[in-house]
Structures are given as structure tokens and as C-alpha cells.
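The file final_3.csv contains CSV, C-alpha atoms and all ligand atoms:
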chain,number,residue,atom,x,y,z
A,1,MET,CA,8.4,31.9,0.3
A,2,ASP,CA,8.6,33.8,-2.9
A,3,ALA,CA,7.4,31.2,-5.4
A,4,LYS,CA,8.3,33.3,-8.4
A,5,SER,CA,11.8,34.0,-7.3
A,6,THR,CA,14.1,32.1,-9.7
A,7,ASP,CA,14.4,31.4,-13.4
A,8,ASN,CA,15.2,27.9,-12.4
A,9,ASP,CA,11.8,27.5,-10.8
A,10,GLN,CA,10.1,28.7,-14.0
A,11,ARG,CA,11.5,25.8,-15.9
A,12,PHE,CA,9.8,23.3,-13.6
A,13,VAL,CA,6.2,24.3,-14.3
A,14,MET,CA,4.8,21.0,-15.3
A,15,LYS,CA,1.9,18.7,-14.6
A,16,LYS,CA,1.9,14.9,-14.5
A,17,THR,CA,-0.6,12.2,-13.6
A,18,ALA,CA,0.2,8.7,-12.4
A,19,ARG,CA,-1.8,5.7,-11.4
A,20,ALA,CA,-0.5,3.2,-8.8
A,21,PRO,CA,-2.0,-0.1,-7.6
A,22,ALA,CA,-2.5,-1.0,-4.0
A,23,ASN,CA,-0.6,-4.2,-3.0
A,24,ILE,CA,-1.1,-7.1,-0.7
A,25,ALA,CA,1.9,-8.6,1.1
A,26,PHE,CA,2.5,-12.3,1.1
A,27,ILE,CA,5.2,-11.8,3.7
A,28,LYS,CA,4.3,-8.7,5.7
A,29,TYR,CA,6.2,-5.7,7.0
A,30,TRP,CA,5.5,-4.7,10.6
A,31,GLY,CA,8.2,-2.9,12.5
A,32,LYS,CA,11.0,-0.6,11.5
A,33,GLN,CA,14.7,-0.4,12.1
A,34,ASP,CA,14.7,3.3,11.3
A,35,GLU,CA,11.6,5.4,11.8
A,36,ARG,CA,12.6,8.5,9.9
A,37,LEU,CA,13.9,6.6,6.8
A,38,ARG,CA,11.2,4.0,7.1
A,39,LEU,CA,13.7,1.1,6.9
A,40,PRO,CA,11.8,-2.2,7.7
A,41,LEU,CA,13.0,-4.8,10.2
A,42,ASN,CA,12.4,-7.5,7.6
A,43,PRO,CA,12.1,-8.0,3.8
A,44,SER,CA,8.7,-8.4,2.4
A,45,ILE,CA,7.0,-9.8,-0.8
A,46,SER,CA,3.7,-8.6,-2.4
A,47,ILE,CA,1.6,-8.5,-5.5
A,48,ASN,CA,0.1,-5.4,-7.1
A,49,LEU,CA,-3.7,-5.4,-7.2
A,50,SER,CA,-5.5,-4.8,-10.5
A,51,ASP,CA,-8.7,-3.2,-9.3
A,52,VAL,CA,-7.8,-1.1,-6.3
A,53,HIS,CA,-5.7,2.0,-7.2
A,54,THR,CA,-5.0,5.6,-6.7
A,55,VAL,CA,-4.7,8.2,-9.5
A,56,THR,CA,-2.8,11.4,-8.6
A,57,THR,CA,-2.2,14.6,-10.6
A,58,VAL,CA,0.6,16.9,-9.4
A,59,GLU,CA,1.3,20.4,-10.8
A,60,PHE,CA,4.1,22.6,-9.7
A,61,SER,CA,3.4,26.2,-10.6
A,62,PRO,CA,4.1,29.8,-9.5
A,63,ASP,CA,0.3,30.2,-9.5
A,64,TYR,CA,0.0,28.4,-6.2
A,65,PRO,CA,1.0,30.5,-3.2
A,66,GLU,CA,1.1,27.4,-1.1
A,67,ASP,CA,0.6,23.6,-1.5
A,68,VAL,CA,-3.0,22.6,-2.2
A,69,VAL,CA,-3.8,19.0,-1.4
A,70,GLU,CA,-7.2,17.4,-2.3
A,71,ILE,CA,-7.8,13.7,-1.5
A,72,ARG,CA,-10.9,12.2,-3.1
A,73,MET,CA,-12.3,8.9,-1.8
A,74,GLN,CA,-15.4,7.0,-2.3
A,75,ASN,CA,-18.2,9.3,-1.0
A,76,THR,CA,-15.7,11.8,0.4
A,77,THR,CA,-13.7,14.8,-0.7
A,78,TYR,CA,-11.3,16.4,1.8
A,79,LYS,CA,-9.8,19.6,0.6
A,80,ASN,CA,-7.0,22.0,1.5
A,81,SER,CA,-7.0,23.3,5.0
A,82,LEU,CA,-4.9,21.3,7.4
A,83,GLN,CA,-7.6,20.7,10.0
A,84,ARG,CA,-9.4,17.7,11.2
A,85,ASN,CA,-12.6,17.6,9.2
A,86,VAL,CA,-15.5,15.3,8.6
A,87,VAL,CA,-17.2,15.0,5.2
A,88,GLY,CA,-19.7,12.3,4.5
A,89,GLU,CA,-18.8,9.0,6.2
A,90,GLU,CA,-15.1,9.4,6.6
A,91,THR,CA,-12.8,11.5,8.7
A,92,ILE,CA,-9.5,12.3,7.0
A,93,ARG,CA,-6.7,12.9,9.4
A,94,LYS,CA,-4.8,16.2,9.2
A,95,SER,CA,-1.6,14.1,9.3
A,96,GLU,CA,-2.3,12.6,5.9
A,97,GLN,CA,-2.2,15.9,4.2
A,98,GLU,CA,0.9,16.9,6.2
A,99,ARG,CA,2.6,13.6,5.0
A,100,VAL,CA,1.8,14.6,1.4
A,101,VAL,CA,3.4,18.0,1.9
A,102,ALA,CA,6.4,16.4,3.6
A,103,HIS,CA,6.8,14.2,0.6
A,104,LEU,CA,6.6,17.2,-1.8
A,105,ASN,CA,9.3,18.8,0.3
A,106,ARG,CA,11.6,15.7,-0.3
A,107,ILE,CA,11.0,16.0,-4.0
A,108,ARG,CA,11.5,19.8,-4.1
A,109,LYS,CA,14.8,19.3,-2.2
A,110,ILE,CA,16.1,16.8,-4.7
A,111,ALA,CA,15.0,18.9,-7.7
A,112,ARG,CA,16.3,22.1,-6.0
A,113,MET,CA,13.1,23.9,-6.6
A,114,ARG,CA,10.8,25.9,-4.4
A,115,LEU,CA,7.5,26.1,-6.3
A,116,SER,CA,4.3,25.1,-4.5
A,117,ALA,CA,2.1,22.3,-6.0
A,118,LYS,CA,-1.4,21.4,-6.4
A,119,VAL,CA,-2.1,17.7,-5.7
A,120,VAL,CA,-5.4,15.9,-6.4
A,121,SER,CA,-5.5,12.3,-5.5
A,122,ALA,CA,-8.5,9.8,-6.1
A,123,ASN,CA,-8.8,6.3,-4.7
A,124,ASN,CA,-11.3,3.9,-6.3
A,125,PHE,CA,-11.8,2.1,-2.9
A,126,PRO,CA,-12.5,2.8,0.7
A,127,SER,CA,-9.4,4.3,2.3
A,128,SER,CA,-7.7,3.3,5.6
A,129,SER,CA,-9.6,0.1,6.1
A,130,GLY,CA,-6.9,-2.4,5.4
A,131,VAL,CA,-6.8,-1.9,1.6
A,132,ALA,CA,-3.4,-0.3,1.4
A,133,SER,CA,-4.4,3.3,0.4
A,134,SER,CA,-1.1,4.7,1.7
A,135,ALA,CA,0.8,2.3,-0.6
A,136,SER,CA,-1.0,3.2,-3.8
A,137,GLY,CA,-1.3,6.9,-2.7
A,138,PHE,CA,2.4,7.4,-2.1
A,139,ALA,CA,3.5,5.4,-5.1
A,140,ALA,CA,1.3,7.5,-7.4
A,141,LEU,CA,2.3,10.7,-5.7
A,142,THR,CA,6.0,9.8,-6.0
A,143,VAL,CA,5.9,9.0,-9.7
A,144,ALA,CA,3.7,12.0,-10.6
A,145,ALA,CA,5.5,14.5,-8.5
A,146,ALA,CA,9.0,13.4,-9.5
A,147,ALA,CA,8.1,13.7,-13.2
A,148,ALA,CA,6.3,17.0,-12.7
A,149,ALA,CA,9.5,18.3,-11.0
A,150,ARG,CA,11.5,16.9,-14.1
A,151,LEU,CA,13.5,14.5,-12.0
A,152,LYS,CA,15.0,11.6,-14.0
A,153,LEU,CA,15.0,8.8,-11.5
A,154,SER,CA,15.5,5.1,-12.0
A,155,GLU,CA,12.8,2.7,-10.9
A,156,ARG,CA,15.0,1.7,-7.9
A,157,GLU,CA,15.4,5.4,-6.9
A,158,LEU,CA,11.6,5.9,-7.2
A,159,THR,CA,11.0,3.0,-4.9
A,160,ILE,CA,13.4,4.4,-2.3
A,161,LEU,CA,11.7,7.8,-2.5
A,162,ALA,CA,8.2,6.2,-2.2
A,163,ARG,CA,9.4,4.2,0.8
A,164,MET,CA,10.0,7.4,2.7
A,165,GLY,CA,6.4,8.5,2.2
A,166,SER,CA,4.9,5.1,3.2
A,167,GLY,CA,7.0,1.9,3.6
A,168,SER,CA,4.7,-0.4,1.6
A,169,ALA,CA,4.4,2.2,-1.2
A,170,CYS,CA,7.8,1.1,-2.6
A,171,ARG,CA,6.2,-2.2,-3.5
A,172,SER,CA,3.5,-0.5,-5.7
A,173,ILE,CA,6.1,0.8,-8.2
A,174,PRO,CA,7.6,-2.3,-9.8
A,175,ASP,CA,5.4,-4.7,-11.8
A,176,GLY,CA,3.7,-7.8,-10.7
A,177,PHE,CA,5.3,-9.9,-7.9
A,178,VAL,CA,7.5,-7.6,-5.9
A,179,MET,CA,10.3,-7.9,-3.3
A,180,TRP,CA,11.3,-5.1,-0.9
A,181,GLU,CA,14.7,-5.6,0.7
A,182,ALA,CA,15.4,-4.8,4.3
A,183,ALA,CA,18.7,-3.0,4.8
A,184,ALA,CA,20.5,-0.7,7.2
A,185,THR,CA,20.9,2.0,4.6
A,186,SER,CA,18.3,3.9,2.5
A,187,GLU,CA,20.1,3.1,-0.8
A,188,GLU,CA,19.9,-0.7,-0.1
A,189,SER,CA,16.3,-0.8,1.0
A,190,TYR,CA,14.5,-0.7,-2.4
A,191,ALA,CA,11.9,-2.8,-4.2
A,192,TYR,CA,12.1,-4.7,-7.5
A,193,SER,CA,10.0,-7.1,-9.6
A,194,LEU,CA,10.5,-10.8,-9.0
A,195,PHE,CA,8.0,-11.8,-11.7
A,196,PRO,CA,5.8,-9.8,-14.1
A,197,GLU,CA,2.0,-9.6,-13.5
A,198,SER,CA,1.4,-12.2,-16.2
A,199,TYR,CA,3.5,-14.8,-14.5
A,200,TRP,CA,0.7,-16.6,-12.5
A,201,ASP,CA,-3.1,-16.3,-12.8
A,202,ILE,CA,-4.0,-16.0,-9.2
A,203,ARG,CA,-6.7,-13.9,-7.5
A,204,ASP,CA,-6.9,-11.6,-4.5
A,205,ILE,CA,-10.5,-11.1,-3.6
A,206,VAL,CA,-10.9,-8.2,-1.2
A,207,VAL,CA,-13.8,-8.8,1.0
A,208,ILE,CA,-15.1,-5.5,2.4
A,209,VAL,CA,-16.7,-5.9,5.8
A,210,ALA,CA,-16.1,-2.3,7.0
A,211,ARG,CA,-15.8,1.1,5.3
A,212,HIS,CA,-14.9,3.3,8.2
A,213,MET,CA,-11.3,4.5,8.8
A,214,LYS,CA,-9.2,2.3,11.0
A,215,GLU,CA,-8.7,3.7,14.5
A,216,VAL,CA,-5.0,3.1,14.6
A,217,PRO,CA,-3.1,4.1,11.4
A,218,SER,CA,-0.4,1.5,10.5
A,219,THR,CA,2.4,4.0,11.1
A,220,GLU,CA,1.2,4.6,14.6
A,221,GLY,CA,0.5,0.9,15.3
A,222,MET,CA,3.8,-0.2,13.9
A,223,ARG,CA,5.8,2.2,16.2
A,224,LYS,CA,4.8,-0.1,19.1
A,225,ALA,CA,5.7,-3.4,17.4
A,226,GLY,CA,8.9,-3.7,19.6
A,227,SER,CA,6.7,-4.0,22.7
A,228,SER,CA,5.4,-7.4,21.6
A,229,PRO,CA,7.3,-10.3,23.1
A,230,LEU,CA,6.5,-12.2,19.8
A,231,LEU,CA,8.3,-9.8,17.5
A,232,PRO,CA,11.9,-11.3,17.8
A,233,GLY,CA,10.6,-14.8,16.9
A,234,ARG,CA,8.7,-13.4,13.9
A,235,ILE,CA,11.8,-11.6,12.6
A,236,ARG,CA,14.0,-14.6,13.3
A,237,GLY,CA,11.8,-16.8,11.1
A,238,VAL,CA,11.5,-14.4,8.2
A,239,THR,CA,14.6,-15.3,6.1
A,240,GLN,CA,13.6,-18.9,5.9
A,241,LYS,CA,10.0,-17.9,5.1
A,242,ILE,CA,11.1,-15.7,2.3
A,243,GLY,CA,13.1,-18.6,0.8
A,244,LEU,CA,10.2,-20.9,1.0
A,245,LEU,CA,7.8,-18.4,-0.5
A,246,LYS,CA,10.2,-17.7,-3.4
A,247,ARG,CA,10.4,-21.5,-4.1
A,248,ALA,CA,6.6,-21.8,-4.0
A,249,LEU,CA,6.5,-18.9,-6.5
A,250,GLU,CA,9.1,-20.5,-8.8
A,251,LYS,CA,7.2,-23.8,-8.8
A,252,ARG,CA,3.8,-22.1,-9.0
A,253,ASP,CA,2.8,-24.3,-6.0
A,254,PHE,CA,-0.4,-22.6,-4.8
A,255,PRO,CA,-1.1,-24.7,-1.6
A,256,THR,CA,2.4,-24.0,-0.3
A,257,LEU,CA,2.2,-20.3,-1.3
A,258,GLY,CA,-1.2,-20.0,0.4
A,259,ARG,CA,-0.1,-21.7,3.6
A,260,ILE,CA,2.9,-19.3,4.0
A,261,ILE,CA,0.7,-16.3,3.2
A,262,GLU,CA,-1.9,-17.2,5.8
A,263,GLU,CA,0.6,-18.1,8.4
A,264,ASP,CA,2.5,-14.8,7.9
A,265,SER,CA,-0.7,-12.8,8.3
A,266,VAL,CA,-1.6,-14.6,11.5
A,267,SER,CA,2.0,-14.0,12.7
A,268,MET,CA,1.8,-10.3,12.0
A,269,HIS,CA,-1.6,-10.0,13.8
A,270,ALA,CA,-0.2,-12.0,16.7
A,271,VAL,CA,2.4,-9.3,17.1
A,272,MET,CA,-0.2,-6.5,16.8
A,273,VAL,CA,-2.5,-8.0,19.5
A,274,THR,CA,0.4,-8.6,21.9
A,275,GLN,CA,1.8,-5.0,21.6
A,276,ASP,CA,1.4,-2.6,24.4
A,277,PRO,CA,-1.2,-1.2,23.9
A,278,PRO,CA,-2.6,-4.1,21.7
A,279,VAL,CA,-4.1,-3.3,18.3
A,280,PHE,CA,-7.1,-5.3,17.1
A,281,TYR,CA,-7.9,-4.6,13.5
A,282,TRP,CA,-10.6,-7.2,13.1
A,283,ASN,CA,-14.4,-7.1,13.5
A,284,ASP,CA,-16.9,-10.0,13.8
A,285,ALA,CA,-17.3,-10.4,10.1
A,286,THR,CA,-13.5,-10.6,9.7
A,287,ILE,CA,-13.4,-13.7,11.8
A,288,THR,CA,-16.5,-15.1,10.1
A,289,VAL,CA,-14.8,-14.8,6.7
A,290,ILE,CA,-11.5,-16.3,8.0
A,291,ARG,CA,-13.3,-19.3,9.5
A,292,ALA,CA,-15.3,-19.8,6.3
A,293,VAL,CA,-12.2,-19.9,4.2
A,294,SER,CA,-10.7,-22.5,6.5
A,295,ALA,CA,-13.8,-24.7,6.3
A,296,TRP,CA,-13.9,-24.4,2.4
A,297,ARG,CA,-10.2,-25.5,2.4
A,298,ASP,CA,-11.1,-28.5,4.7
A,299,ASN,CA,-13.6,-29.5,2.0
A,300,GLY,CA,-10.9,-29.4,-0.7
A,301,LEU,CA,-11.0,-25.9,-2.1
A,302,PRO,CA,-7.5,-24.4,-2.3
A,303,VAL,CA,-8.3,-20.9,-0.7
A,304,TYR,CA,-6.4,-18.9,1.8
A,305,ALA,CA,-6.9,-15.6,3.8
A,306,THR,CA,-4.7,-12.7,4.6
A,307,LEU,CA,-5.2,-9.3,6.3
A,308,ASP,CA,-3.4,-6.0,6.3
A,309,ALA,CA,-3.8,-3.5,9.1
A,310,GLY,CA,-7.6,-3.4,8.9
A,311,PRO,CA,-10.7,-5.6,9.1
A,312,ASN,CA,-11.2,-6.4,5.4
A,313,VAL,CA,-10.1,-9.9,4.4
A,314,HIS,CA,-8.1,-10.7,1.3
A,315,VAL,CA,-9.1,-14.1,0.0
A,316,MET,CA,-6.5,-15.7,-2.3
A,317,CYS,CA,-7.3,-18.5,-4.8
A,318,GLU,CA,-6.2,-19.5,-8.3
A,319,GLY,CA,-8.0,-18.0,-11.3
A,320,LYS,CA,-9.8,-21.3,-12.1
A,321,ASP,CA,-11.6,-21.2,-8.7
A,322,GLU,CA,-12.6,-17.5,-8.9
A,323,GLU,CA,-16.3,-18.1,-9.6
A,324,LYS,CA,-16.7,-20.8,-6.9
A,325,VAL,CA,-15.0,-18.7,-4.3
A,326,THR,CA,-16.8,-15.4,-5.0
A,327,GLN,CA,-20.2,-17.2,-4.9
A,328,LYS,CA,-19.3,-18.6,-1.5
A,329,ILE,CA,-18.1,-15.2,-0.2
A,330,THR,CA,-21.2,-13.4,-1.4
A,331,ASP,CA,-23.4,-15.8,0.7
A,332,ILE,CA,-21.7,-14.7,4.0
A,333,LEU,CA,-23.6,-12.3,6.2
A,334,GLY,CA,-21.8,-9.0,6.8
A,335,VAL,CA,-20.0,-8.9,3.5
A,336,GLN,CA,-20.6,-5.4,2.0
A,337,GLN,CA,-18.7,-5.6,-1.3
A,338,ILE,CA,-16.0,-7.7,-3.0
A,339,ILE,CA,-13.3,-6.5,-5.3
A,340,ILE,CA,-11.7,-9.2,-7.5
A,341,ASN,CA,-8.0,-8.6,-8.3
A,342,HIS,CA,-5.4,-10.3,-10.4
A,343,PRO,CA,-1.7,-9.4,-10.3
A,344,ALA,CA,-1.1,-6.0,-11.9
A,345,LYS,CA,1.7,-3.9,-13.2
A,346,GLY,CA,3.1,-1.2,-11.0
A,347,ALA,CA,2.8,2.6,-11.0
A,348,HIS,CA,2.7,4.2,-14.5
A,349,PHE,CA,1.7,7.5,-16.1
A,350,ILE,CA,-1.7,7.9,-17.6
A,351,ASP,CA,-3.2,10.5,-20.0
A,352,GLY,CA,-5.6,13.0,-18.7
A,353,HIS,CA,-5.4,14.9,-15.4
A,354,LEU,CA,-7.7,15.2,-12.4
A,355,PHE,CA,-7.8,19.0,-12.7
B,401,LIG,O1,3.1,1.3,4.4
B,401,LIG,P1,2.7,1.3,5.8
B,401,LIG,O2,3.7,2.0,6.7
B,401,LIG,O3,1.3,1.9,6.0
B,401,LIG,O4,2.7,-0.2,6.4
B,401,LIG,C1,1.6,-1.1,6.2
B,401,LIG,C2,2.1,-2.4,6.4
B,401,LIG,C3,1.1,-3.5,6.3
B,401,LIG,O5,0.2,-3.2,5.2
B,401,LIG,C4,0.3,-3.7,7.5
B,401,LIG,C5,1.8,-4.8,5.9
B,401,LIG,C6,2.5,-4.9,4.6
B,401,LIG,O6,3.6,-5.3,4.5
B,401,LIG,O7,1.9,-4.4,3.6

Hey, can you dump this file as C-alpha cells for me?
Ligand code: PMV
Amino acid sequence: MDAKSTDNDQRFVMKKTARAPANIAFIKYWGKQDERLRLPLNPSISINLSDVHTVTTVEFSPDYPEDVVEIRMQNTTYKNSLQRNVVGEETIRKSEQERVVAHLNRIRKIARMRLSAKVVSANNFPSSSGVASSASGFAALTVAAAAAARLKLSERELTILARMGSGSACRSIPDGFVMWEAAATSEESYAYSLFPESYWDIRDIVVIVARHMKEVPSTEGMRKAGSSPLLPGRIRGVTQKIGLLKRALEKRDFPTLGRIIEEDSVSMHAVMVTQDPPVFYWNDATITVIRAVSAWRDNGLPVYATLDAGPNVHVMCEGKDEEKVTQKITDILGVQQIIINHPAKGAHFIDGHLF
């Protein structure tokens, strides 16, 4: 490719930086109706998390003979060459960088440009361990790269684009409490805000019990969702569940919200462990935390647990109970770190660049 070939390309030289939150789903997405377009089998609802995010800088320039992708994580930097590599504690899969380049290709195609890009991305949390790094990562990449390519896209269009990089990434673009529609076409499967971040003072306390990368990435695990005999039942029940959850949100009814969230997490993991081959994302400490949450609830504390595709537990409570709940979590053996989140706004530009 001749990166300096057209005047058109010269116009596109630009650098942008965006920050996007991770999100935690109240009603989860597990299973696709279209693998290539990442169209989900069911709609989902999530909140953005205030204290776990990705910052990404993208620059398109004729100075880059090829795409350069650098992903920085806690304790780890993995740079450039598309090979499996081990630095520090974590192994970054080659496929993650290839997914970034594939996403840049989507954006270049829409912008009708050919320039290569440099991408530097930094997470402030352990990646690939059930805190949704692909969601914040692809949301930040989409927003920064689209602007760097001078595309003028609506929020809806940005969510559709982000969805193609990583399904749940579309929910990290709108603010606060977010709904992602399931549909048979790409244009109709987009995400939008149900309520702003200030709507309800709730907490998602991420309880870190493992820092290593998960063995089965969600994209790979999800491909086998159809082999679980429990999947059809889960999907049949979703419309009613979405309705109940929306009503609990409207009424700010925390016990009902919490019950639905916890039930949906168990339902998703029931599908995961009954797939062929089964995927178990938990470890011993995961189960210890879940049992503790249930015991605290039996003793009158309104607290609920949910998991993504990883061993770390998200403990949900209302703002007024934050101190009590964090104290109890800290006392559990096996807990390495906690991250306290409240609902947050979606992806946005920030000043300053990572390079
Ligand atoms: O965005 P993906 O393709 O990595 O999917 C992750 C889906 C879950 O996090 C497991 C559930 C959800 O809805 O967030």
C-alpha cells in the first residue's frame, strides 16, 4: 500500500483521544444471531462504570508505513508485532491486535482512506478477567478513530460501528443506563441511553479475585452458546425480563432490580457450563464471594452479585450501603482488590494524547 498516494488521504492526518468506560450488564448478552455483524440473540441492558475505563489515542498519518498497535495494561505493555508474546504477568493474544486492525479497516472503508494508523490504548484495570476490557477498548477505539478519520457519525452510528468490534462495546458509548436492541439487521441493532448516569445512586463494586487472562475469550465461548440445551429457554424469557427490569428502573426499586440482575447472571452462566465444551469462568474465591453476598442479603442487607465472562464478581448495592458492603468484602479471604463504581457517562473525547 502506498500510504502517501492521494491528496484525499493527506486531508485525513489527524489525532484524537477518547476515554470509554467498561460496562456491566444487568440483562446479559450471550449468543449471536449473526457472527460477522455481531448481532445478538437478545437485547441487553447495562450501566457504564465510573472507575474502570480505557483511554485510546489514534493517529492516521502517512508517516506510518503500517498500523502500529500498542496495548498497555496494568503491569504490561504489548507492542506492535502480531505474535503471541508474554510480558510481565499477562499474555496478550495476537488476535486482539488483529481485531484492532480489522476495526481500523472498517473505519478506513467508511472514510474512503488508506492511511495507516498508530493506536495506543491503556486500561486502568486488569484485562480479560471479566471486567469488560473489550467493551471499553472498542468503544474508545471507535470514537477516537472515527474522529481521527474525520467521520461525522451520530451516536447511534457510533454504537453500530463499535458493536462490530465487540458486541458489548456498543453499550459503552451512550451515557448512564443503556439498552442495546437485538435485531436482524445491523442498522436496527444499536444502543441508546435509557437514563443518564445521575438517575440513580447505585454502586457496582468489582471484586478482583484473579488477574490472569481468562482461558476462553468471550467471542470464542459465545460461539458455542447454541450447543447448550438451556439457551432456548433463556432467550424465550428475555423479553419479559427486560420489561420487568425497565419497570424496576423506572420505580428505582432496588431489591427487584437486584433479583433480576442476579438471576440473569446465573442464567447466563448456566448456559456457559452446559455448552459443549462447557466454560467455567469461576474460581473458588468467586463462589465464596457469591455465597457471602447471599448470606448478607439473608441478614437484611440489600446486595446482589453478577458476573461477566470471568471470575471477578460485581457486587451491586445502593450508594447508602457502600461503606458497609465494602468493609464486608474486604474481610473475605482471596479478595485482591476492589474497585468501587457508580453509573458513568459514556465514551467521550479527552484532552491530551497517549503519544
Ligand atoms: O462484547 P463481547 O463479545 O466480549 O461479549 C461479552 C458479553 C458478556 O460480557 C459476557 C455479557 C454482557 O452482556 O456484557

* To do: Select all residues near (0.3, 8.8, -12.3) (cut-off 6 Å, inclusive, file coordinates), counting all atoms listed in the file, and output them as a list of chain:residue names.
  =>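 Here is the list of nearby residues: A:Thr17, A:Ala18, A:Arg19, A:Val55, A:Thr56, A:Ala140, A:Ala144, A:His348, A:Phe349, A:Ile350.
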
How would the residues just picked look written out with C-alpha atoms as a JSON list (two decimals), keeping the file's coordinate frame?
[["chain", "number", "residue", "atom", "x", "y", "z"],
["A", 17, "THR", "CA", -0.60, 12.20, -13.60],
["A", 18, "ALA", "CA", 0.20, 8.70, -12.40],
["A", 19, "ARG", "CA", -1.80, 5.70, -11.40],
["A", 55, "VAL", "CA", -4.70, 8.20, -9.50],
["A", 56, "THR", "CA", -2.80, 11.40, -8.60],
["A", 140, "ALA", "CA", 1.30, 7.50, -7.40],
["A", 144, "ALA", "CA", 3.70, 12.00, -10.60],
["A", 348, "HIS", "CA", 2.70, 4.20, -14.50],
["A", 349, "PHE", "CA", 1.70, 7.50, -16.10],
["A", 350, "ILE", "CA", -1.70, 7.90, -17.60]]

Which residues of stretch 238-298 of chain A sit at most 9 Å from stretch 329-333 of chain A, using only C-alpha atoms? Give each one's shortest atom pair and distance in Å (one decimal place), in chain and ascending residue order, as a Markdown table.
| residue | atom | partner | partner_atom | distance |
| --- | --- | --- | --- | --- |
| A:Ala285 | CA | A:Leu333 | CA | 7.6 |
| A:Thr288 | CA | A:Ile332 | CA | 8.0 |
| A:Val289 | CA | A:Ile332 | CA | 7.4 |
| A:Ala292 | CA | A:Ile329 | CA | 8.4 |
| A:Val293 | CA | A:Ile329 | CA | 8.7 |

* **Residue nearest A:Arg236 - candidates A:Val101, A:Lys109, A:Phe355, A:Leu41, atoms counted: only C-alpha atoms** =>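 Using only C-alpha atoms, A:Arg236 sits closest to A:Leu41.
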
* Structure fact -> atom CA of A:Asp175 sits from atom CA of A:Tyr281 at a separation of 28.6 Å

* **Residue nearest A:His269 among A:Ala146, A:Ile24, A:Leu230, A:Val206 (counting all atoms listed in the file)** =>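 Checking each of A:Ala146, A:Ile24, A:Leu230, A:Val206 against A:His269, counting all atoms listed in the file, the winner is A:Leu230.
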
If you take only C-alpha atoms and all ligand atoms and a cut-off of 8 Å, which residues of chain A touch ligand LIG 401 (chain B), and what are their nearest atom pairs and distances in Å to one decimal, in chain and number order, as JSON lines?
{"residue": "A:Asn23", "atom": "CA", "partner": "B:LIG401", "partner_atom": "O7", "distance": 7.1}
{"residue": "A:Ile24", "atom": "CA", "partner": "B:LIG401", "partner_atom": "O7", "distance": 5.9}
{"residue": "A:Ala25", "atom": "CA", "partner": "B:LIG401", "partner_atom": "O7", "distance": 4.9}
{"residue": "A:Phe26", "atom": "CA", "partner": "B:LIG401", "partner_atom": "O6", "distance": 7.9}
{"residue": "A:Ile27", "atom": "CA", "partner": "B:LIG401", "partner_atom": "O6", "distance": 6.7}
{"residue": "A:Lys28", "atom": "CA", "partner": "B:LIG401", "partner_atom": "O6", "distance": 3.7}
{"residue": "A:Tyr29", "atom": "CA", "partner": "B:LIG401", "partner_atom": "O6", "distance": 3.6}
{"residue": "A:Trp30", "atom": "CA", "partner": "B:LIG401", "partner_atom": "C2", "distance": 5.9}
{"residue": "A:Arg38", "atom": "CA", "partner": "B:LIG401", "partner_atom": "O2", "distance": 7.8}
{"residue": "A:Ser44", "atom": "CA", "partner": "B:LIG401", "partner_atom": "O6", "distance": 6.3}
{"residue": "A:Ile45", "atom": "CA", "partner": "B:LIG401", "partner_atom": "O6", "distance": 7.7}
{"residue": "A:Ser46", "atom": "CA", "partner": "B:LIG401", "partner_atom": "O7", "distance": 7.5}
{"residue": "A:Gly130", "atom": "CA", "partner": "B:LIG401", "partner_atom": "O5", "distance": 7.1}
{"residue": "A:Val131", "atom": "CA", "partner": "B:LIG401", "partner_atom": "O5", "distance": 8.0}
{"residue": "A:Ala132", "atom": "CA", "partner": "B:LIG401", "partner_atom": "O5", "distance": 6.0}
{"residue": "A:Ser134", "atom": "CA", "partner": "B:LIG401", "partner_atom": "O3", "distance": 5.7}
{"residue": "A:Ala135", "atom": "CA", "partner": "B:LIG401", "partner_atom": "O1", "distance": 5.6}
{"residue": "A:Arg163", "atom": "CA", "partner": "B:LIG401", "partner_atom": "O1", "distance": 7.8}
{"residue": "A:Ser166", "atom": "CA", "partner": "B:LIG401", "partner_atom": "O1", "distance": 4.4}
{"residue": "A:Gly167", "atom": "CA", "partner": "B:LIG401", "partner_atom": "O1", "distance": 4.0}
{"residue": "A:Ser168", "atom": "CA", "partner": "B:LIG401", "partner_atom": "O1", "distance": 3.6}
{"residue": "A:Ala169", "atom": "CA", "partner": "B:LIG401", "partner_atom": "O1", "distance": 5.8}
{"residue": "A:Pro217", "atom": "CA", "partner": "B:LIG401", "partner_atom": "O3", "distance": 7.3}
{"residue": "A:Ser218", "atom": "CA", "partner": "B:LIG401", "partner_atom": "O3", "distance": 4.8}
{"residue": "A:Thr219", "atom": "CA", "partner": "B:LIG401", "partner_atom": "O2", "distance": 5.0}
{"residue": "A:Met222", "atom": "CA", "partner": "B:LIG401", "partner_atom": "O2", "distance": 7.5}
{"residue": "A:Leu307", "atom": "CA", "partner": "B:LIG401", "partner_atom": "C4", "distance": 7.9}
{"residue": "A:Asp308", "atom": "CA", "partner": "B:LIG401", "partner_atom": "C4", "distance": 4.5}
{"residue": "A:Ala309", "atom": "CA", "partner": "B:LIG401", "partner_atom": "C4", "distance": 4.4}

Using only the atoms of stretch 24-40 of chain A listed in the file, plus 6 Å on each side, state the axis-aligned box centre and edge lengths in Å rounded to one decimal, as JSON.
{"center_x": 6.8, "center_y": -1.9, "center_z": 5.9, "size_x": 27.8, "size_y": 32.8, "size_z": 25.2}

* Quick one: residues within 9 Å of stretch 188-197 of chain A, all atoms listed in the file counted, chain neighbours fewer than 3 positions away excluded, as JSON, numbers by chain? -> {"A": [39, 40, 43, 45, 47, 48, 155, 156, 157, 158, 159, 160, 161, 163, 170, 171, 172, 173, 174, 175, 176, 177, 178, 179, 180, 181, 182, 183, 184, 185, 200, 201, 246, 249, 342, 343, 344, 345, 346]}

* To do: Name the closest residue to A:Ala111 among the candidates A:Glu98, A:Ala147, A:Ser154, A:Glu220; distances are taken between atoms, counting only C-alpha atoms.
  => A:Ala147

* Asked: Quick one: of A:Leu301, A:Leu244, A:Val119, A:Ala20, who's nearest to A:Val100, counting all atoms listed in the file?
  -> A:Val119

* To do: Find the residues with any atom within 9 Å of (4.4, 25.5, -4.0); use all atoms listed in the file and the coordinates as given in the file, and write the answer as a PyMOL selection string.
  => chain A and resi 1+3+60-68+104+114-118

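With atom CA of A:Ser50 on one side and atom CA of A:Ile340 on the other, the separation reads 8.2 Å.
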
* Could you give me, as an NGL selection string, the residues within 8 Å of A:Asn283, counting all atoms listed in the file and dropping anything in the same chain fewer than 3 positions from it? => :A and (286-287 or 311)

* Shell around A:Gly226 at 12 Å using all atoms listed in the file, local window under 5 positions removed, as number ranges by chain -> A: 30-33, 41, 221, 231-235, 271-272, 274-278

* **Length of the atom CA of A:Ala139 to atom CA of A:Val303 vector [Å]** =>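 Computed distance, atom CA of A:Ala139 to atom CA of A:Val303, equals 29.2 Å.
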